[in-house]
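Working notes for the structure below.
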There are 2 protein chains.
Amino acid sequence: MPSSPTPPLEDRLHTLDELLVEQVADLTRTALTGHRRHLEEISPEAAGLIDSLASYLEGGKLLRPRFCFWGGVAALGREPQPAEVEALARLGAAIELLQAAALMHDDVIDHSPMRRGRPALHMQAEQEHRRAGLAGDPEEYGIAIAIVLGDLALSWSEQMANGVHGDPSLVDRARREFDALRTEVMSGQYLDILHQAGGFASAPDAELAALSVIRWKTVPYTVLRPVRIGAALAGAPDQSLDALSAWAIEVGTAFQLRDDLLSVVGDQDETGKPIGGDIVEGKRTVLLARTWEAADARGRALLDEVVGDAGSDESQIGAVHALMVSTGAVSSVTQEVRRRAARGRALLEGTAELGELGRAGLEALAELATDVDSLPA
Amino acid sequence: MPSSPTPPLEDRLHTLDELLVEQVADLTRTALTGHRRHLEEISPEAAGLIDSLASYLEGGKLLRPRFCFWGGVAALGREPQPAEVEALARLGAAIELLQAAALMHDDVIDHSPMRRGRPALHMQAEQEHRRAGLAGDPEEYGIAIAIVLGDLALSWSEQMANGVHGDPSLVDRARREFDALRTEVMSGQYLDILHQAGGFASAPDAELAALSVIRWKTVPYTVLRPVRIGAALAGAPDQSLDALSAWAIEVGTAFQLRDDLLSVVGDQDETGKPIGGDIVEGKRTVLLARTWEAADARGRALLDEVVGDAGSDESQIGAVHALMVSTGAVSSVTQEVRRRAARGRALLEGTAELGELGRAGLEALAELATDVDSLPA
């Protein structure tokens, strides 16, 4: 029987990407079904937590599981076998559960009202408290529920990761990356809290503080550790992991800088969060640091007045937006996203030891995560 | 050379107990040193988190690691070998870190100001915020820090558990118990939140709701899962695990009922928490349910006024205490602690397949955890 010709690269990418997304969903569903059975033994109310978590997990773009998967494919240097796809999907599902936990706790810490186009989890619980006419303070109840469901998601994330089978030394290596991911994202979260409170004393200035938060909060859990988890499981040598780290720092930083832009100039339907949210929450971003640096006294007075004031109205937010544009901060951050994305591409091209298919997958993801061409500025 | 005579049981218990406590401390110290090295790469501020956690872990009685250890010794039916002590100590250290995480988050949820004789972690961070003159709301900052440090402790707990080596099928069994512990304590925490808000609809009444919270929040993570983790690792057959569960439900429930009594009639130096804390926080305990049931209209009016009011003064708290005594609730709960402790002893005596040394260790711990003879009531 003649072998069929290899389909074009783009089709192979697409097919594998779909397979991965499907398997992550399957593994998550199976795990939640098992957890539901356990919770049903406890009480019907507890079993209801599964619905909250399942609904929360919907609508994610699975960016992190896909970075993990394509890192694995790149390290393999060939199409993955079914067992390899499953192991990578399992680690991806674990990262996705970790991300859910991090977002639930993050939204409490940042007082973010929206997530993925819906009320944030603590807001959902707060609304449910009011609807059901429960006792006590609705806001505190919402926070309590988000803490607990986040803790469950964090535990189940780890349980998912613990179910990966394969060569023990490779599984151990991937686990060390997974452990590093958790320590780093939580430490980065801590730096973020400190920075917000003006207590990140070891950072030389506001922009470097914001970049350090990105380096330790966003980069490790969005790109760097996911891609290293996949590649480590697939047996990549240390020097390939280091090359992927260098690439991931550029891509992950560009991703967060773009996210900061999107919060100000983006489209709410696309981001799932209200435009100007970072301004209202007073998030100390690179964009804000550059705006402040370039602003005159009147501009700074405006920033002092509006940034971090939850009561700001649309016209005030619009004025801050205009200032971010007129000072050149928006265009300078946009340029930096482009520059870092380009540097990432160049770094990835230098990793000849990684397979073509996997690198193409990583490149496509990086493009998706750092695209600023559709932004108005 | 003649072999030395076996020392009396009590001495063997004491020696092994000390060895375990020392090893838990050593393993914890080593793990935190490793984490500190990682955090130092991130920032000096992040490395400071280690001191907060290390100081938080001090002063615990290691009740849970000891339940785990003596469960293991009971299942072994002999003195443990050094490698067995280490594996049990490692799981114990993991449980202790999990406990730290649970307490940090719990104290945020319950607004508890004190823990282990010091300000609760979120209160410490709040005070630090004021002392350093940081920006933003000190209370919210305290909560944010407690969420993040709890998340780190939870991750590191799991990392500690993941470092246990030995027969893979036994390690797997112990891990399943550890996984169940986490799911149950967090689900129990959820039931507690719901119960506090008056939303635990599937529970027939206030006392059964409180007992269900004890069954799923306190019992699994204090006695039941720790003892099963140790016994599972030591190869106990399922029927021994079940027997230990039945024993643990009595001992763990008695422990929590005693804890509820201590919060009202205990000694602050011993509990490390302010007396009447449960009354001020409005904790819906079995003790409160029984007081309410037995109270007349005037008594209920007093409860309505004082319980859950953070502004209550000493004389109001004293009046509630007096009501809890005069209604017979204190003595009825005290009797139930005694009854359950006795039932526990009887159940443990029925587990002839478990070793004498281990059973003696479990019995000594159970006595420590359920002793009400020193209470005034």
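Convention: chains lettered A, B, ... in structure tokens order; per-chain residue numbering from 1; ligands numbered from 1 as shown.
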### Message
From a backbone DSSP assignment, name each residue in region 35-168 of chain B labelled alpha helix (DSSP H), as JSON, numbers by chain.
### Response
{"B": [35, 36, 37, 38, 39, 40, 41, 42, 44, 45, 46, 47, 48, 49, 50, 51, 52, 53, 54, 55, 56, 57, 63, 64, 65, 66, 67, 68, 69, 70, 71, 72, 73, 74, 75, 76, 82, 83, 84, 85, 86, 87, 88, 89, 90, 91, 92, 93, 94, 95, 96, 97, 98, 99, 100, 101, 102, 103, 104, 105, 106, 107, 108, 109, 110, 121, 122, 123, 124, 125, 126, 127, 128, 129, 130, 131, 132, 138, 139, 140, 141, 142, 143, 144, 145, 146, 147, 148, 149, 150, 151, 152, 153, 154, 155, 156, 157, 158, 159, 160, 161, 162, 168]}
### Message
For a quick test of understanding: name the residues of chain A lying within 8 Å of chain B when counting only C-alpha atoms, and present them as a ChimeraX atom specification.
### Response
/A:39,42-46,105,108-109,134-136,140-141,143-145,147-149,151-152,154-155,158-159,179,182-184,186-187,189-191,193,196-200,202,216
### Query
So how many Å separate CA of Glu349 (chain B) and CA of Val372 (chain B), to one decimal?
21.2 Å
#### Entry: Within 10 Å of Thr351 (chain A) using only C-alpha atoms, minus same-chain residues under 4 positions, as a PyMOL selection string
chain A and resi 74+239-240+243-244+247+346-347+355-356+359
### Query
Quick one: of B:Ala87, B:Met324, B:Met114, B:Ala301, who's nearest to Thr285 (chain B), counting only C-alpha atoms?
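Looking only at the distances to Thr285 (chain B), the closest residue turns out to be B:Met324.
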### Task
Find the distance between CA of Glu336 (chain B) and CA of Glu353 (chain B) and write it in Å to one decimal.
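Computed distance, CA of Glu336 (chain B) to CA of Glu353 (chain B), equals 28.2 Å.
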### Message
So that I can see what lies close to region 318-323 of chain A, please list as number ranges by chain the residues with an atom at most 10 Å from it, counting only C-alpha atoms and leaving out residues fewer than 5 positions away in the same chain.
### Response
A: 264-265, 275-276, 279, 288, 291-292, 294-295, 299-300, 302-303, 305-307, 313, 328-330
### Message
List as an MDAnalysis selection string the protein and nucleic acid residues near Gly266 (chain B), meaning an atom at most 12 Å away when only C-alpha atoms are counted, but skip any in the same chain fewer than 3 places from it.
### Response
chainID B and resid 258:263 269:278 321 330 372:377
### Message
Need the shell around Ala360 (chain A): protein/DNA/RNA residues with any atom at most 9 Å away, counting only C-alpha atoms. Skip same-chain ones fewer than 6 positions apart. Format as a VMD selection string?
### Response
chain A and resid 9 to 10 13 70 74
### Task
Tell me, as a ChimeraX atom specification, which residues lie within 6 Å of region 338-343 of chain A, counting only C-alpha atoms; anything in the same chain fewer than 2 positions away does not count.
/A:250-251,254,335-336,345-346
### Query
What does the distance from CA of Val337 (chain A) to CA of Gly117 (chain A) come to in Å, to one decimal?
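CA of Gly117 (chain A) lies 24.5 Å from CA of Val337 (chain A).
In this comparison, which uses only C-alpha atoms, the residue of B:Thr33, B:Gln268, B:Thr334, B:Ser52 approaching Asp371 (chain B) most closely is B:Thr334.
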### Task
Assign secondary structure with DSSP using the backbone only, and return the residues of region 31-212 of chain B in strand (DSSP E or B) as a PyMOL selection string.
chain B and resi 114-115+118-119
